[in-house]
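Colleague: Following this message is one structure expressed as structure tokens.
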Amino acid sequence: MVQKYQSPVRVYKYPFELIMAAYERRFPNCPLIPMFVNSVIISECHSEDGATQVIERRCTVDVEAPRLLKRIAGVEYMYFIQKNSLNRRERTLHIEAYNESFSSRVNVYEHCCYTVHPENEDWTCFEQSASMDIKSFFGFESTAEKIAMKQYATSIKKGKEIIECHLKQLEEENITHVPRWAPPPAPTTSHALPVSSARAIPACSSRAHPAYCDLFEALLSNPHTNHKLDTDYISRYLGNLTPFQESCLIRLRLWLQETHKDQHVLRFLRSRDFNLEKAKEALCQTLTWRKQHQIDFLLDTWQCPQLLQDYYTGGWHHHDKDGRPLYILRLGQMDTKGLVRVLGEETLMRHVLSINEEGLRHCEENTKIFGKPISCWTCLVDLEGLNMRHLWRPGIKALLRTIELVGANYPETLGRLLILRAPRVFPVLWTLVSPFIDENTRKKFLIYAGNDYQGPGGLVDYINRDFIPDFLGGDALCDVPEGGLVPKPLYRTAEELENEEVKLWNEAIYKSASVLKGAPHEVLIEVTEASSVITWDFDVWKGDVIFSIYHSRRAPQPVKRDGLSAHNLACPAGNNVQLIDRSWMLGQDYSMVETALTCREGESVQGSHVTRWPGFYILQWRLHSSPSSTSSSRPRVDDVLASLQVSSHKCRVMYFTEVLRSTDFRGSMSSLESSHSAFSLLSAATSSSNQSQTESSISR
């Protein structure tokens, strides 16, 4: 694999001629670079007017490698050919270097250039690029590659130091100015050919790797690289990067061939550990996603609903001690279920995305205010009030989707997460969420139980006392809403929630169904291994229903409504599904595995069932007013026609179901028993095979 390197632009605030005088002091050897043993001029030529000079040297390099590797290779030193092309007229120096040793096994090529700064003719710019392709090296290809990359990174770091050291030597010798080249006076009689003033750029050496020549030519000719990154800019706005990190940033920036904020590009590189290909792929996906959903215009078009302004307990609040924007989220005071049921996942997700877009803007503003790179923010999460209602599984599922979406499109934006007043139920939430958070992000989490945040190592270590919110014992007023329960009359149906303009994902968490007189709604769940856990959460919107669970060893098919078709009537509420065939016999073709549960209008029901056998399980909702018999008799046409006209014979439910492996279920819910809550407690009967293996809780 070809390893490539591209440096940012290094700016010396000295004239080109003085830099050249300092550069020449590196030869024939340089004590500041111990690995550079010696150099010998093997060819040299000058133009008649002295404007151009080409010097070719053979350089001896002592590579720091294990003694064993040197003995296997049979060499003590490595030899390189360096060609320097100086054009005093154009004030440019181009340096090419390639390896002479092991050239059949390894291809190393380097190109450097010194040029005049485009905006200040008394300043000099330096750029460096290189490639390395190890084809074979006595079976030590990986080791040789690591050694070479380490040596090269070291020499890059020393390059600027060496020039500055030689500049200081010149200053000590009272050499602070070197006159520019000037053409000699024209002779009175001359037959010399005119000297061209065109800029001469040496072509890539024939020893250079072709792929790298293409990259170098692109750097010179691509109009999108006119605004290049210099080291001062990187240090000021992006922070201290290693030579390898700088190279990855510049190459990815070049590949994009359009203007993108360097901070965003750098985030993707960091999130992929500076793996250029992985960062490129992730960035492509994000750019496509942003274009598809018009994310660039989100802050200009998004209008936060009043309900979110009243009940979403989060907001921006000053900054931390590092200058990072500070976001406060009072999660324990938030009614997640109520917000999802009223606004839907789409609206909540767009609000979360708008928060992330605001965060990016705040980072840019704080970078200018504090005069240092700020690329991420700090999040303070207060968990006071967190209880079992926050472990509502559809809400957890929506949270995991949010984490996935934000993690994919806003990487490396979270600098620190302070979790305060974590209650006993927090380990359960952490068990559910932490597997979906990458390891680098988890390292940024600081968790405090009770009032631990008030002591040493607490908030005062990260946030100025003047900015600690009043509800945490500080003096700063905080505008974050206090939240509370969202009124249930505001809840919307699944159909209303699904009629959003643009979906950020295709699957909705909740589904709705109509339950008619003589026409129950049934959901089929296939279980492949015993002891799996079926979980559910549903709300009864209208009327009373009876909820039952059945098991069958054969797959049922949706019942055909031939009678309805004959009357040219649509299915009674197209989301009503019936699965149990009218010919099936209870106790033979299918069996009831749980006692029927009566649920009243307005109730929310959560529960789970530990399966004893694999096969097909049917969750059934039927009208409470229907006959209590559990036979499989199907609705007659007259009954259905009547149900369409009599509203009292119609009920609506909104439900969510999920199947978990027993180990996953117990791992995520095992701590619930110790919380002494009536919400989703594991029934003690689940451990007994001759008792009911279900549990449900009802909240009003």
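Quick note on naming: the chains in the structure tokens go A, B, ... in the order shown, residues restart at 1 in each chain, and ligands are numbered from 1 in order of appearance.
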So that I can check the surroundings of Arg57 (chain A), please list as a list of chain:residue names every protein, DNA and RNA residue that reaches within 6 Å of it, counting only C-alpha atoms and ignoring chain neighbours fewer than 3 positions away.

Modeller: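 Non-adjacent residues within range: A:Val40, A:Ile41, A:Ile42, A:Ile81, A:Gln82.
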
Colleague: Per residue of region 398-491 of chain A within 10 Å of region 341-349 of chain A, what are the shortest atom pair and its distance in Å to one decimal, counting only C-alpha atoms, with rows by chain and residue number, as a tab-separated table?

Modeller:
residue	atom	partner	partner_atom	distance
A:Ala398	CA	A:Glu345	CA	7.2
A:Leu399	CA	A:Met349	CA	9.5
A:Arg401	CA	A:Met349	CA	9.2
A:Thr402	CA	A:Met349	CA	6.9
A:Leu405	CA	A:Met349	CA	9.1
A:Val406	CA	A:Met349	CA	9.5
A:Val486	CA	A:Val342	CA	8.3
A:Pro487	CA	A:Val342	CA	9.2
A:Lys488	CA	A:Val342	CA	8.5
A:Pro489	CA	A:Val342	CA	9.2
A:Leu490	CA	A:Val342	CA	6.0
A:Tyr491	CA	A:Val342	CA	4.5

Colleague: Of the residues A:Met78, A:Val178, A:Met585, A:Ile403, which is the one nearest to Val37 (chain A), using only C-alpha atoms?

Modeller: A:Met78

Colleague: Need to verify the contact set: His117 (chain A), 10 Å, only C-alpha atoms, exclusion of same-chain residues closer than 6 positions in sequence. Can you return it as an mmCIF file with N, CA and C atoms, in the first residue's frame?

Modeller:
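The result, stored in selection24.cif:
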data_model
loop_
_atom_site.group_PDB
_atom_site.id
_atom_site.type_symbol
_atom_site.label_atom_id
_atom_site.label_comp_id
_atom_site.auth_asym_id
_atom_site.auth_seq_id
_atom_site.Cartn_x
_atom_site.Cartn_y
_atom_site.Cartn_z
ATOM 1 N N VAL A 9 0.986 24.533 4.556
ATOM 2 C CA VAL A 9 1.946 25.559 4.148
ATOM 3 C C VAL A 9 2.591 26.144 5.400
ATOM 4 N N VAL A 11 4.882 29.074 6.873
ATOM 5 C CA VAL A 11 5.227 30.444 6.488
ATOM 6 C C VAL A 11 6.392 30.950 7.345
ATOM 7 N N TYR A 12 7.447 31.375 6.657
ATOM 8 C CA TYR A 12 8.573 32.036 7.314
ATOM 9 C C TYR A 12 8.466 33.532 7.031
ATOM 10 N N LYS A 13 8.493 34.319 8.054
ATOM 11 C CA LYS A 13 8.352 35.761 7.859
ATOM 12 C C LYS A 13 9.719 36.393 7.594
ATOM 13 N N TYR A 14 10.386 35.816 6.587
ATOM 14 C CA TYR A 14 11.694 36.286 6.131
ATOM 15 C C TYR A 14 11.698 36.235 4.610
ATOM 16 N N PRO A 15 12.506 37.062 3.975
ATOM 17 C CA PRO A 15 12.575 37.053 2.511
ATOM 18 C C PRO A 15 13.125 35.716 1.990
ATOM 19 N N PHE A 16 12.806 35.414 0.772
ATOM 20 C CA PHE A 16 13.210 34.153 0.148
ATOM 21 C C PHE A 16 14.731 34.010 0.126
ATOM 22 N N TRP A 123 7.931 37.461 2.627
ATOM 23 C CA TRP A 123 7.734 36.228 3.374
ATOM 24 C C TRP A 123 7.945 35.041 2.441
ATOM 25 N N THR A 124 8.240 33.887 3.026
ATOM 26 C CA THR A 124 8.513 32.683 2.237
ATOM 27 C C THR A 124 7.620 31.539 2.706
ATOM 28 N N CYS A 125 7.089 30.798 1.747
ATOM 29 C CA CYS A 125 6.241 29.640 2.041
ATOM 30 C C CYS A 125 6.999 28.343 1.760
ATOM 31 N N PHE A 126 6.683 27.329 2.546
ATOM 32 C CA PHE A 126 7.305 26.019 2.364
ATOM 33 C C PHE A 126 6.229 24.947 2.383
#

Colleague: Among region 510-630 of chain A, which ones does DSSP assign to strand (DSSP E) (computed from the backbone)? Answer as a PyMOL selection string.

Modeller: chain A and resi 511-516+521-527+533-542+545-552+591-592+597-599+604-610+615-623

Colleague: Of the candidates A:Gly483, A:Pro325, A:Gly407, A:Pro394, which one gets nearest to Glu365 (chain A) if we count only C-alpha atoms?

Modeller: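 Once distances to Glu365 (chain A) are computed over only C-alpha atoms, the minimum belongs to A:Pro325.
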
Colleague: Leaving out Ile437 (chain A) and any residue of its chain fewer than 2 positions from it, which residues lie within 10 Å of it when counting only C-alpha atoms, given as a list of chain:residue names?

Modeller: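 Surrounding residues, per the criterion: A:Leu400, A:Ile403, A:Glu404, A:Gly407, A:Val433, A:Ser434, A:Pro435, A:Glu439, A:Asn440, A:Thr441, A:Arg442.
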
Colleague: How would the residues just picked look written out with all heavy atoms as a PDB file, in the first residue's frame?

Modeller:
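Below is the file again36.pdb, written as the result:
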ATOM      1  N   LEU A 400     -31.809   5.648  21.291  1.00  0.00           N
ATOM      2  CA  LEU A 400     -30.711   4.952  20.621  1.00  0.00           C
ATOM      3  C   LEU A 400     -30.608   5.380  19.165  1.00  0.00           C
ATOM      4  O   LEU A 400     -29.509   5.517  18.621  1.00  0.00           O
ATOM      5  CB  LEU A 400     -30.926   3.435  20.715  1.00  0.00           C
ATOM      6  CG  LEU A 400     -30.902   2.857  22.136  1.00  0.00           C
ATOM      7  CD1 LEU A 400     -31.130   1.353  22.096  1.00  0.00           C
ATOM      8  CD2 LEU A 400     -29.598   3.176  22.834  1.00  0.00           C
ATOM      9  N   ILE A 403     -28.895   8.723  19.191  1.00  0.00           N
ATOM     10  CA  ILE A 403     -27.457   8.574  19.401  1.00  0.00           C
ATOM     11  C   ILE A 403     -26.778   8.132  18.113  1.00  0.00           C
ATOM     12  O   ILE A 403     -25.706   8.632  17.742  1.00  0.00           O
ATOM     13  CB  ILE A 403     -27.198   7.560  20.532  1.00  0.00           C
ATOM     14  CG1 ILE A 403     -27.665   8.141  21.870  1.00  0.00           C
ATOM     15  CG2 ILE A 403     -25.715   7.190  20.604  1.00  0.00           C
ATOM     16  CD1 ILE A 403     -27.596   7.157  23.020  1.00  0.00           C
ATOM     17  N   GLU A 404     -27.406   7.196  17.413  1.00  0.00           N
ATOM     18  CA  GLU A 404     -26.823   6.686  16.171  1.00  0.00           C
ATOM     19  C   GLU A 404     -26.740   7.771  15.104  1.00  0.00           C
ATOM     20  O   GLU A 404     -25.715   7.934  14.440  1.00  0.00           O
ATOM     21  CB  GLU A 404     -27.654   5.508  15.663  1.00  0.00           C
ATOM     22  CG  GLU A 404     -27.112   4.877  14.386  1.00  0.00           C
ATOM     23  CD  GLU A 404     -27.973   3.726  13.901  1.00  0.00           C
ATOM     24  OE1 GLU A 404     -29.051   3.499  14.474  1.00  0.00           O
ATOM     25  OE2 GLU A 404     -27.566   3.059  12.928  1.00  0.00           O
ATOM     26  N   GLY A 407     -24.262  10.545  16.261  1.00  0.00           N
ATOM     27  CA  GLY A 407     -22.893  10.039  16.229  1.00  0.00           C
ATOM     28  C   GLY A 407     -22.340   9.913  14.824  1.00  0.00           C
ATOM     29  O   GLY A 407     -21.151  10.147  14.587  1.00  0.00           O
ATOM     30  N   VAL A 433     -28.057   1.933  27.047  1.00  0.00           N
ATOM     31  CA  VAL A 433     -27.561   2.935  26.099  1.00  0.00           C
ATOM     32  C   VAL A 433     -26.076   2.776  25.788  1.00  0.00           C
ATOM     33  O   VAL A 433     -25.641   2.964  24.647  1.00  0.00           O
ATOM     34  CB  VAL A 433     -27.851   4.352  26.658  1.00  0.00           C
ATOM     35  CG1 VAL A 433     -27.195   5.410  25.784  1.00  0.00           C
ATOM     36  CG2 VAL A 433     -29.342   4.581  26.748  1.00  0.00           C
ATOM     37  N   SER A 434     -25.260   2.422  26.767  1.00  0.00           N
ATOM     38  CA  SER A 434     -23.804   2.451  26.602  1.00  0.00           C
ATOM     39  C   SER A 434     -23.272   1.605  25.447  1.00  0.00           C
ATOM     40  O   SER A 434     -22.285   2.004  24.815  1.00  0.00           O
ATOM     41  CB  SER A 434     -23.122   2.033  27.908  1.00  0.00           C
ATOM     42  OG  SER A 434     -23.513   0.719  28.286  1.00  0.00           O
ATOM     43  N   PRO A 435     -23.865   0.435  25.114  1.00  0.00           N
ATOM     44  CA  PRO A 435     -23.314  -0.328  23.982  1.00  0.00           C
ATOM     45  C   PRO A 435     -23.369   0.418  22.657  1.00  0.00           C
ATOM     46  O   PRO A 435     -22.640   0.073  21.729  1.00  0.00           O
ATOM     47  CB  PRO A 435     -24.188  -1.590  23.945  1.00  0.00           C
ATOM     48  CG  PRO A 435     -24.725  -1.723  25.327  1.00  0.00           C
ATOM     49  CD  PRO A 435     -24.934  -0.327  25.800  1.00  0.00           C
ATOM     50  N   GLU A 439     -16.303   3.933  22.213  1.00  0.00           N
ATOM     51  CA  GLU A 439     -15.418   3.949  23.379  1.00  0.00           C
ATOM     52  C   GLU A 439     -14.812   5.322  23.621  1.00  0.00           C
ATOM     53  O   GLU A 439     -14.691   5.776  24.765  1.00  0.00           O
ATOM     54  CB  GLU A 439     -14.309   2.911  23.196  1.00  0.00           C
ATOM     55  CG  GLU A 439     -13.368   2.803  24.380  1.00  0.00           C
ATOM     56  CD  GLU A 439     -12.296   1.746  24.185  1.00  0.00           C
ATOM     57  OE1 GLU A 439     -12.340   1.041  23.142  1.00  0.00           O
ATOM     58  OE2 GLU A 439     -11.429   1.631  25.060  1.00  0.00           O
ATOM     59  N   ASN A 440     -14.418   6.025  22.558  1.00  0.00           N
ATOM     60  CA  ASN A 440     -13.812   7.350  22.728  1.00  0.00           C
ATOM     61  C   ASN A 440     -14.784   8.318  23.386  1.00  0.00           C
ATOM     62  O   ASN A 440     -14.385   9.164  24.194  1.00  0.00           O
ATOM     63  CB  ASN A 440     -13.357   7.901  21.372  1.00  0.00           C
ATOM     64  CG  ASN A 440     -12.150   7.158  20.839  1.00  0.00           C
ATOM     65  OD1 ASN A 440     -11.371   6.587  21.600  1.00  0.00           O
ATOM     66  ND2 ASN A 440     -11.989   7.157  19.523  1.00  0.00           N
ATOM     67  N   THR A 441     -16.066   8.205  23.038  1.00  0.00           N
ATOM     68  CA  THR A 441     -17.068   9.087  23.629  1.00  0.00           C
ATOM     69  C   THR A 441     -17.327   8.718  25.082  1.00  0.00           C
ATOM     70  O   THR A 441     -17.471   9.597  25.938  1.00  0.00           O
ATOM     71  CB  THR A 441     -18.374   9.022  22.820  1.00  0.00           C
ATOM     72  OG1 THR A 441     -18.120   9.389  21.459  1.00  0.00           O
ATOM     73  CG2 THR A 441     -19.417   9.968  23.398  1.00  0.00           C
ATOM     74  N   ARG A 442     -17.363   7.420  25.381  1.00  0.00           N
ATOM     75  CA  ARG A 442     -17.621   6.992  26.761  1.00  0.00           C
ATOM     76  C   ARG A 442     -16.533   7.500  27.708  1.00  0.00           C
ATOM     77  O   ARG A 442     -16.791   7.754  28.883  1.00  0.00           O
ATOM     78  CB  ARG A 442     -17.713   5.464  26.837  1.00  0.00           C
ATOM     79  CG  ARG A 442     -18.980   4.894  26.235  1.00  0.00           C
ATOM     80  CD  ARG A 442     -19.237   3.500  26.788  1.00  0.00           C
ATOM     81  NE  ARG A 442     -18.179   2.571  26.448  1.00  0.00           N
ATOM     82  CZ  ARG A 442     -18.159   1.804  25.372  1.00  0.00           C
ATOM     83  NH1 ARG A 442     -19.154   1.878  24.500  1.00  0.00           N
ATOM     84  NH2 ARG A 442     -17.163   0.969  25.140  1.00  0.00           N
TER      85      ARG A 442
END

Colleague: With only C-alpha atoms as the counted atoms, please give the residues lying no more than 8 Å from region 448-456 of chain A, apart from itself and same-chain residues fewer than 5 positions off, as a PyMOL selection string.

Modeller: chain A and resi 418-423+461

Colleague: Using only C-alpha atoms, which residues sit within 7 Å of Val593 (chain A) once same-chain residues fewer than 3 positions away are excluded, as a list in words?

Modeller: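 Non-adjacent residues within range: Ile549, Tyr550 and His551 of chain A.
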
Colleague: Calculated over only C-alpha atoms, which of the candidates A:Leu339, A:Val265, A:Ala51, A:Ile328 has the smallest distance to Pro305 (chain A)?

Modeller: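 Among the listed residues, A:Leu339 lies closest to Pro305 (chain A).
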
Colleague: Find the spatial neighbours of Tyr98 (chain A), counting only C-alpha atoms, within a cut-off of 6 Å - ignore same-chain residues fewer than 6 positions away - and output them as a PyMOL selection string.

Modeller: chain A and resi 80-81+108-109

Colleague: Emit the selected residues as an mmCIF file, in the first residue's frame, including C-alpha atoms.

Modeller:
data_model
loop_
_atom_site.group_PDB
_atom_site.id
_atom_site.type_symbol
_atom_site.label_atom_id
_atom_site.label_comp_id
_atom_site.auth_asym_id
_atom_site.auth_seq_id
_atom_site.Cartn_x
_atom_site.Cartn_y
_atom_site.Cartn_z
ATOM 1 C CA PHE A 80 19.174 8.899 -1.370
ATOM 2 C CA ILE A 81 19.499 11.119 -4.431
ATOM 3 C CA VAL A 108 10.348 6.579 -1.629
ATOM 4 C CA TYR A 109 9.713 9.934 -3.229
#

Colleague: Rank nothing, just name the residue among A:Tyr510, A:Gln3, A:Ser104, A:Tyr410 nearest to Cys248 (chain A), using only C-alpha atoms.

Modeller: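 For Cys248 (chain A), the nearest of the given residues is A:Gln3.
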
Colleague: Could you check which of A:Thr336, A:Lys443, A:Ala182, A:His293 is closest to Lys397 (chain A), using only C-alpha atoms?

Modeller: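 Nearest candidate to Lys397 (chain A) out of A:Thr336, A:Lys443, A:Ala182, A:His293: A:Thr336.
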
Colleague: Which one of A:Leu93, A:Met20, A:Val523, A:Cys112 sits closest to His166 (chain A) if you count only C-alpha atoms?

Modeller: A:Met20

Colleague: Expressed in Å to a single decimal, how great is the separation between CA of Phe436 (chain A) and CA of Ile295 (chain A)?

Modeller: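 Pair CA of Phe436 (chain A) / CA of Ile295 (chain A) returns 23.6 Å.
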